[in-house]
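Q: Can you keep this structure in mind? I'll have questions shortly.
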Amino acid sequence: MSRSLKVSASILSSNFTKLGDEIKKCEDAGVDMIHVDVMDGHFVPNITIGQVIVEAIRPITKLPIDTHLMIENPWNYIDDFCKVGSDIVAVHAECYGERRAACREVNQYPKEVDNIDADKAKKDIARIQGHGKKAFMVLNPGTPVCLDDVLDDLDGILIMSVNPGFSKQKFILDVLEKIKELRPKFKGAISIDGGVNAQTAPLAVEAGVDILATASYFFGSTDQKQVVTSLKALGTS
Ligand code: DX5
Ligand code: ZN
């Protein structure tokens, strides 16, 4: 088997006082894209960074910017992120369907749905693609593969392997089944995000992913080039 795997480094675990240097380190290590974790304190319990950071890093790197929007009402921000330089805009399926009873209140996490309103989702997918950008839909671990009606529209699907909100969490093995289910029927890119490391990445690759997003494994390593090389090598074994 030979397949081209991509590594997307999440700056959530970078040193924000030296962000320019950290982006340069990503480039030197052979990373394929920069993953930006946008959290609003509502869709997830944490608050991180927004458009200003995408705007700040856009002029200093040619790497694609992979923007993961963990926010309520993503439709209000799609144009902004596209305009400041995101190349991929990933929106959560949990913003396009009726939430399960257990996560309807503002402070109940993780957000989960059983299906989505395809028309609503298609509108935002088209909006992203209208800017010439790639549209990804993200599934939280507890949300099933409920994307049949939008599969032909999407450029990619991001499978969360942790409940979103924080880096350094443990990979949830159950989500591998969703990748196996999707792979034969989806032609676009499948990405995985959360708890990716030397032990879990081979499982995700075997299940069929194309993109590995990593924050703590990459930024926590003293040999980042080796991390990227070994992750990419999984595509050729
Ligand atoms: C989680 C974020 C992930 C996270 C990954 O909400 O979407 O991208 O930064 O962190 P690690 O790789 O440390 O699990
Ligand atoms: Zn992410």
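Going by the structure tokens order, chains are called A, B, ..., each with residues numbered from 1, while ligands are numbered from 1 in the order shown.
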For the helix (DSSP H, G or I) assignment from backbone DSSP, which residues of stretch 107-237 of chain A qualify? Please present them as a PyMOL selection string.
A: chain A and resi 118-130+148-150+173-182+201-207+216-219+224-233
Q: Go through stretch 20-70 of chain A residue by residue and, counting only C-alpha atoms, keep those with an atom at most 10 Å from stretch 99-112 of chain A; for each kept residue give the shortest atom pair and its distance in Å to one decimal, ordered by chain and increasing number, as CSV.
A:
residue,atom,partner,partner_atom,distance
A:Gly41,CA,A:Asn107,CA,9.1
A:His42,CA,A:Val106,CA,6.6
A:Phe43,CA,A:Lys111,CA,7.1
A:Val44,CA,A:Tyr109,CA,6.9
A:Pro45,CA,A:Asn107,CA,7.4
Q: Give me the residues near stretch 114-128 of chain A as a CSV table (one decimal) with C-alpha atoms, in the first residue's frame, where near means some atom within 7 Å (using only C-alpha atoms) and where sequence neighbours in that chain fewer than 2 positions away do not count.
A:
chain,number,residue,atom,x,y,z
A,75,TRP,CA,-22.1,30.5,9.5
A,78,ILE,CA,-17.1,31.6,7.5
A,89,VAL,CA,-12.7,25.6,6.9
A,93,ALA,CA,-22.0,18.6,12.2
A,96,TYR,CA,-26.5,21.5,11.8
A,97,GLY,CA,-28.9,19.2,13.6
A,130,GLY,CA,-17.6,29.9,-3.1
A,131,HIS,CA,-14.5,31.6,-1.6
A,133,LYS,CA,-11.7,27.2,-0.1
A,134,LYS,CA,-12.1,23.6,1.0
A,135,ALA,CA,-15.1,22.6,3.1
A,143,THR,CA,-22.0,11.7,16.7
A,144,PRO,CA,-22.5,8.9,14.2
A,146,CYS,CA,-24.7,11.1,9.5
A,149,ASP,CA,-26.7,13.6,2.0
A,150,VAL,CA,-23.7,15.9,1.9
A,154,LEU,CA,-17.7,17.9,1.0
Q: Please report, as a tab-separated table, each residue of chain A lying at most 6 Å from ligand 2, together with the nearest pair of atoms and the separation in Å rounded to one decimal; use only C-alpha atoms and all ligand atoms, and order rows by chain and ascending residue number.
A:
residue	atom	partner	partner_atom_place_in_ligand_line	distance
A:Asp37	CA	ligand 2	1 (Zn)	4.9
A:His68	CA	ligand 2	1 (Zn)	5.3
A:Asp193	CA	ligand 2	1 (Zn)	5.7
Q: Could you please take those selected residues and save all heavy atoms as a CSV table (one decimal), in the first residue's frame?
A:
chain,number,residue,atom,x,y,z
A,37,ASP,N,-7.1,25.8,15.9
A,37,ASP,CA,-8.2,25.4,16.7
A,37,ASP,C,-8.9,26.6,17.3
A,37,ASP,O,-8.5,27.2,18.3
A,37,ASP,CB,-7.7,24.5,17.9
A,37,ASP,CG,-7.4,23.0,17.4
A,37,ASP,OD1,-8.3,22.5,16.7
A,37,ASP,OD2,-6.4,22.5,17.8
A,68,HIS,N,-10.2,24.8,12.2
A,68,HIS,CA,-11.2,23.9,12.8
A,68,HIS,C,-12.1,24.8,13.7
A,68,HIS,O,-11.6,25.2,14.8
A,68,HIS,CB,-10.4,22.9,13.6
A,68,HIS,CG,-11.2,21.9,14.4
A,68,HIS,ND1,-10.7,21.0,15.3
A,68,HIS,CD2,-12.6,21.7,14.4
A,68,HIS,CE1,-11.7,20.3,15.8
A,68,HIS,NE2,-12.8,20.7,15.3
A,193,ASP,N,-8.3,13.9,14.4
A,193,ASP,CA,-7.8,15.0,15.3
A,193,ASP,C,-8.1,14.6,16.7
A,193,ASP,O,-9.2,14.4,17.2
A,193,ASP,CB,-8.6,16.3,14.9
A,193,ASP,CG,-8.1,17.5,15.7
A,193,ASP,OD1,-7.0,17.4,16.2
A,193,ASP,OD2,-8.8,18.5,15.7
Q: Please give me, as an MDAnalysis selection string, the residues lying within 6 Å of ligand 1 when counting only C-alpha atoms and all ligand atoms.
A: chainID A and resid 10 12 37 164:169 193:196 214:217
Q: Would you list the contacts of A:Thr236 as a ChimeraX atom specification, taking every protein, DNA or RNA residue within 12 Å and counting only C-alpha atoms, but skipping same-chain residues closer than 5 positions in sequence?
A: /A:1-5,202,205-206,229-231
Q: For the residues selected in the previous step, produce a file with all heavy atoms as an mmCIF file, in the first residue's frame.
A:
data_model
loop_
_atom_site.group_PDB
_atom_site.id
_atom_site.type_symbol
_atom_site.label_atom_id
_atom_site.label_comp_id
_atom_site.auth_asym_id
_atom_site.auth_seq_id
_atom_site.Cartn_x
_atom_site.Cartn_y
_atom_site.Cartn_z
ATOM 1 N N MET A 1 0.842 -1.197 0.000
ATOM 2 C CA MET A 1 0.000 0.000 0.000
ATOM 3 C C MET A 1 0.882 1.254 0.000
ATOM 4 O O MET A 1 1.833 1.363 0.739
ATOM 5 C CB MET A 1 -0.853 -0.017 1.276
ATOM 6 C CG MET A 1 -1.654 1.241 1.485
ATOM 7 S SD MET A 1 -2.459 1.326 3.117
ATOM 8 C CE MET A 1 -1.098 1.752 4.198
ATOM 9 N N SER A 2 0.543 2.230 -0.860
ATOM 10 C CA SER A 2 1.247 3.502 -0.811
ATOM 11 C C SER A 2 0.244 4.625 -0.986
ATOM 12 O O SER A 2 -0.486 4.674 -1.949
ATOM 13 C CB SER A 2 2.307 3.547 -1.904
ATOM 14 O OG SER A 2 2.974 4.777 -1.787
ATOM 15 N N ARG A 3 0.238 5.502 -0.054
ATOM 16 C CA ARG A 3 -0.792 6.529 -0.014
ATOM 17 C C ARG A 3 -0.150 7.760 0.583
ATOM 18 O O ARG A 3 0.685 7.661 1.481
ATOM 19 C CB ARG A 3 -1.871 5.933 0.898
ATOM 20 C CG ARG A 3 -3.057 6.662 1.197
ATOM 21 C CD ARG A 3 -4.158 5.582 1.409
ATOM 22 N NE ARG A 3 -3.998 4.844 2.642
ATOM 23 C CZ ARG A 3 -4.453 5.291 3.810
ATOM 24 N NH1 ARG A 3 -5.050 6.424 3.913
ATOM 25 N NH2 ARG A 3 -4.302 4.550 4.895
ATOM 26 N N SER A 4 -0.511 8.911 0.059
ATOM 27 C CA SER A 4 0.142 10.103 0.598
ATOM 28 C C SER A 4 -0.595 10.616 1.828
ATOM 29 O O SER A 4 -1.762 10.964 1.778
ATOM 30 C CB SER A 4 0.251 11.133 -0.522
ATOM 31 O OG SER A 4 -0.194 12.363 -0.113
ATOM 32 N N LEU A 5 0.112 10.597 2.938
ATOM 33 C CA LEU A 5 -0.472 11.048 4.213
ATOM 34 C C LEU A 5 -0.015 12.461 4.481
ATOM 35 O O LEU A 5 1.131 12.810 4.213
ATOM 36 C CB LEU A 5 0.074 10.178 5.339
ATOM 37 C CG LEU A 5 -0.600 8.881 5.675
ATOM 38 C CD1 LEU A 5 0.127 8.259 6.855
ATOM 39 C CD2 LEU A 5 -2.072 9.089 6.022
ATOM 40 N N PRO A 202 -0.937 4.728 13.635
ATOM 41 C CA PRO A 202 -1.023 3.570 12.732
ATOM 42 C C PRO A 202 -2.440 3.003 12.641
ATOM 43 O O PRO A 202 -2.874 2.545 11.583
ATOM 44 C CB PRO A 202 -0.074 2.537 13.376
ATOM 45 C CG PRO A 202 0.855 3.342 14.228
ATOM 46 C CD PRO A 202 0.072 4.530 14.691
ATOM 47 N N VAL A 205 -4.441 5.288 10.349
ATOM 48 C CA VAL A 205 -4.027 5.121 8.956
ATOM 49 C C VAL A 205 -4.579 3.808 8.400
ATOM 50 O O VAL A 205 -5.101 3.750 7.287
ATOM 51 C CB VAL A 205 -2.483 5.171 8.836
ATOM 52 C CG1 VAL A 205 -2.034 4.816 7.430
ATOM 53 C CG2 VAL A 205 -1.976 6.557 9.237
ATOM 54 N N GLU A 206 -4.499 2.787 9.204
ATOM 55 C CA GLU A 206 -5.029 1.491 8.766
ATOM 56 C C GLU A 206 -6.529 1.584 8.494
ATOM 57 O O GLU A 206 -7.048 0.970 7.559
ATOM 58 C CB GLU A 206 -4.759 0.460 9.866
ATOM 59 C CG GLU A 206 -4.776 -0.961 9.366
ATOM 60 C CD GLU A 206 -4.805 -1.949 10.529
ATOM 61 O OE1 GLU A 206 -4.242 -1.621 11.596
ATOM 62 O OE2 GLU A 206 -5.419 -3.017 10.354
ATOM 63 N N THR A 229 8.236 12.707 9.784
ATOM 64 C CA THR A 229 8.713 11.643 8.891
ATOM 65 C C THR A 229 8.098 10.307 9.257
ATOM 66 O O THR A 229 7.643 9.556 8.387
ATOM 67 C CB THR A 229 10.261 11.532 8.977
ATOM 68 O OG1 THR A 229 10.793 12.831 8.793
ATOM 69 C CG2 THR A 229 10.826 10.602 7.936
ATOM 70 N N SER A 230 8.052 10.012 10.550
ATOM 71 C CA SER A 230 7.520 8.691 10.943
ATOM 72 C C SER A 230 6.015 8.623 10.719
ATOM 73 O O SER A 230 5.493 7.578 10.323
ATOM 74 C CB SER A 230 7.884 8.371 12.390
ATOM 75 O OG SER A 230 7.309 9.315 13.256
ATOM 76 N N LEU A 231 5.311 9.727 10.911
ATOM 77 C CA LEU A 231 3.853 9.699 10.638
ATOM 78 C C LEU A 231 3.592 9.493 9.159
ATOM 79 O O LEU A 231 2.766 8.673 8.762
ATOM 80 C CB LEU A 231 3.186 10.994 11.115
ATOM 81 C CG LEU A 231 3.065 11.189 12.629
ATOM 82 C CD1 LEU A 231 2.456 12.549 12.963
ATOM 83 C CD2 LEU A 231 2.231 10.086 13.294
#
Q: Considering only strand (DSSP E) as DSSP defines it on the backbone, what residues of stretch 114-165 of chain A qualify? List them as a list in words.
A: Lys134, Ala135, Phe136, Met137, Val138, Leu139, Gly156, Ile157, Leu158, Ile159 and Met160 of chain A
Q: When you draw a straight line from atom CA of A:Val227 to atom CA of A:Leu158, how long is it in Å?
A: 20.9 Å
Q: A:Ile57: which residues within 10 Å, counting only C-alpha atoms, same-chain residues fewer than 6 positions away excluded, as a list in words?
A: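 Neighbouring residues, sequence-local ones excluded: Leu19, Gly20, Ile23, Ile34, Leu63, Ile65, Val84 and Gly85 of chain A.
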Q: Keeping only N, CA, C and O atoms, write those residues as a PDB file, in the first residue's frame.
A:
ATOM      1  N   LEU A  19       5.115  32.696  18.073  1.00  0.00           N
ATOM      2  CA  LEU A  19       4.325  32.003  17.055  1.00  0.00           C
ATOM      3  C   LEU A  19       5.012  31.956  15.687  1.00  0.00           C
ATOM      4  O   LEU A  19       4.955  30.933  15.000  1.00  0.00           O
ATOM      5  N   GLY A  20       5.662  33.047  15.309  1.00  0.00           N
ATOM      6  CA  GLY A  20       6.357  33.056  14.014  1.00  0.00           C
ATOM      7  C   GLY A  20       7.417  31.964  13.950  1.00  0.00           C
ATOM      8  O   GLY A  20       7.531  31.240  12.952  1.00  0.00           O
ATOM      9  N   ILE A  23       5.813  28.488  13.620  1.00  0.00           N
ATOM     10  CA  ILE A  23       5.349  28.193  12.256  1.00  0.00           C
ATOM     11  C   ILE A  23       6.554  27.779  11.396  1.00  0.00           C
ATOM     12  O   ILE A  23       6.478  26.836  10.609  1.00  0.00           O
ATOM     13  N   ILE A  34      -1.087  23.916   8.647  1.00  0.00           N
ATOM     14  CA  ILE A  34      -1.173  24.455  10.006  1.00  0.00           C
ATOM     15  C   ILE A  34      -2.632  24.362  10.448  1.00  0.00           C
ATOM     16  O   ILE A  34      -3.524  24.912   9.793  1.00  0.00           O
ATOM     17  N   LEU A  63       2.180  27.461   3.794  1.00  0.00           N
ATOM     18  CA  LEU A  63       1.448  26.228   4.139  1.00  0.00           C
ATOM     19  C   LEU A  63      -0.048  26.526   4.209  1.00  0.00           C
ATOM     20  O   LEU A  63      -0.456  27.589   4.690  1.00  0.00           O
ATOM     21  N   ILE A  65      -3.672  26.757   5.622  1.00  0.00           N
ATOM     22  CA  ILE A  65      -4.184  26.929   6.982  1.00  0.00           C
ATOM     23  C   ILE A  65      -5.519  26.181   7.093  1.00  0.00           C
ATOM     24  O   ILE A  65      -6.477  26.461   6.373  1.00  0.00           O
ATOM     25  N   VAL A  84      -9.503  36.147   5.622  1.00  0.00           N
ATOM     26  CA  VAL A  84      -8.178  36.382   6.228  1.00  0.00           C
ATOM     27  C   VAL A  84      -7.155  35.313   5.845  1.00  0.00           C
ATOM     28  O   VAL A  84      -5.983  35.437   6.183  1.00  0.00           O
ATOM     29  N   GLY A  85      -7.596  34.260   5.156  1.00  0.00           N
ATOM     30  CA  GLY A  85      -6.584  33.350   4.620  1.00  0.00           C
ATOM     31  C   GLY A  85      -6.688  31.875   4.946  1.00  0.00           C
ATOM     32  O   GLY A  85      -5.778  31.108   4.654  1.00  0.00           O
TER      33      GLY A  85
END
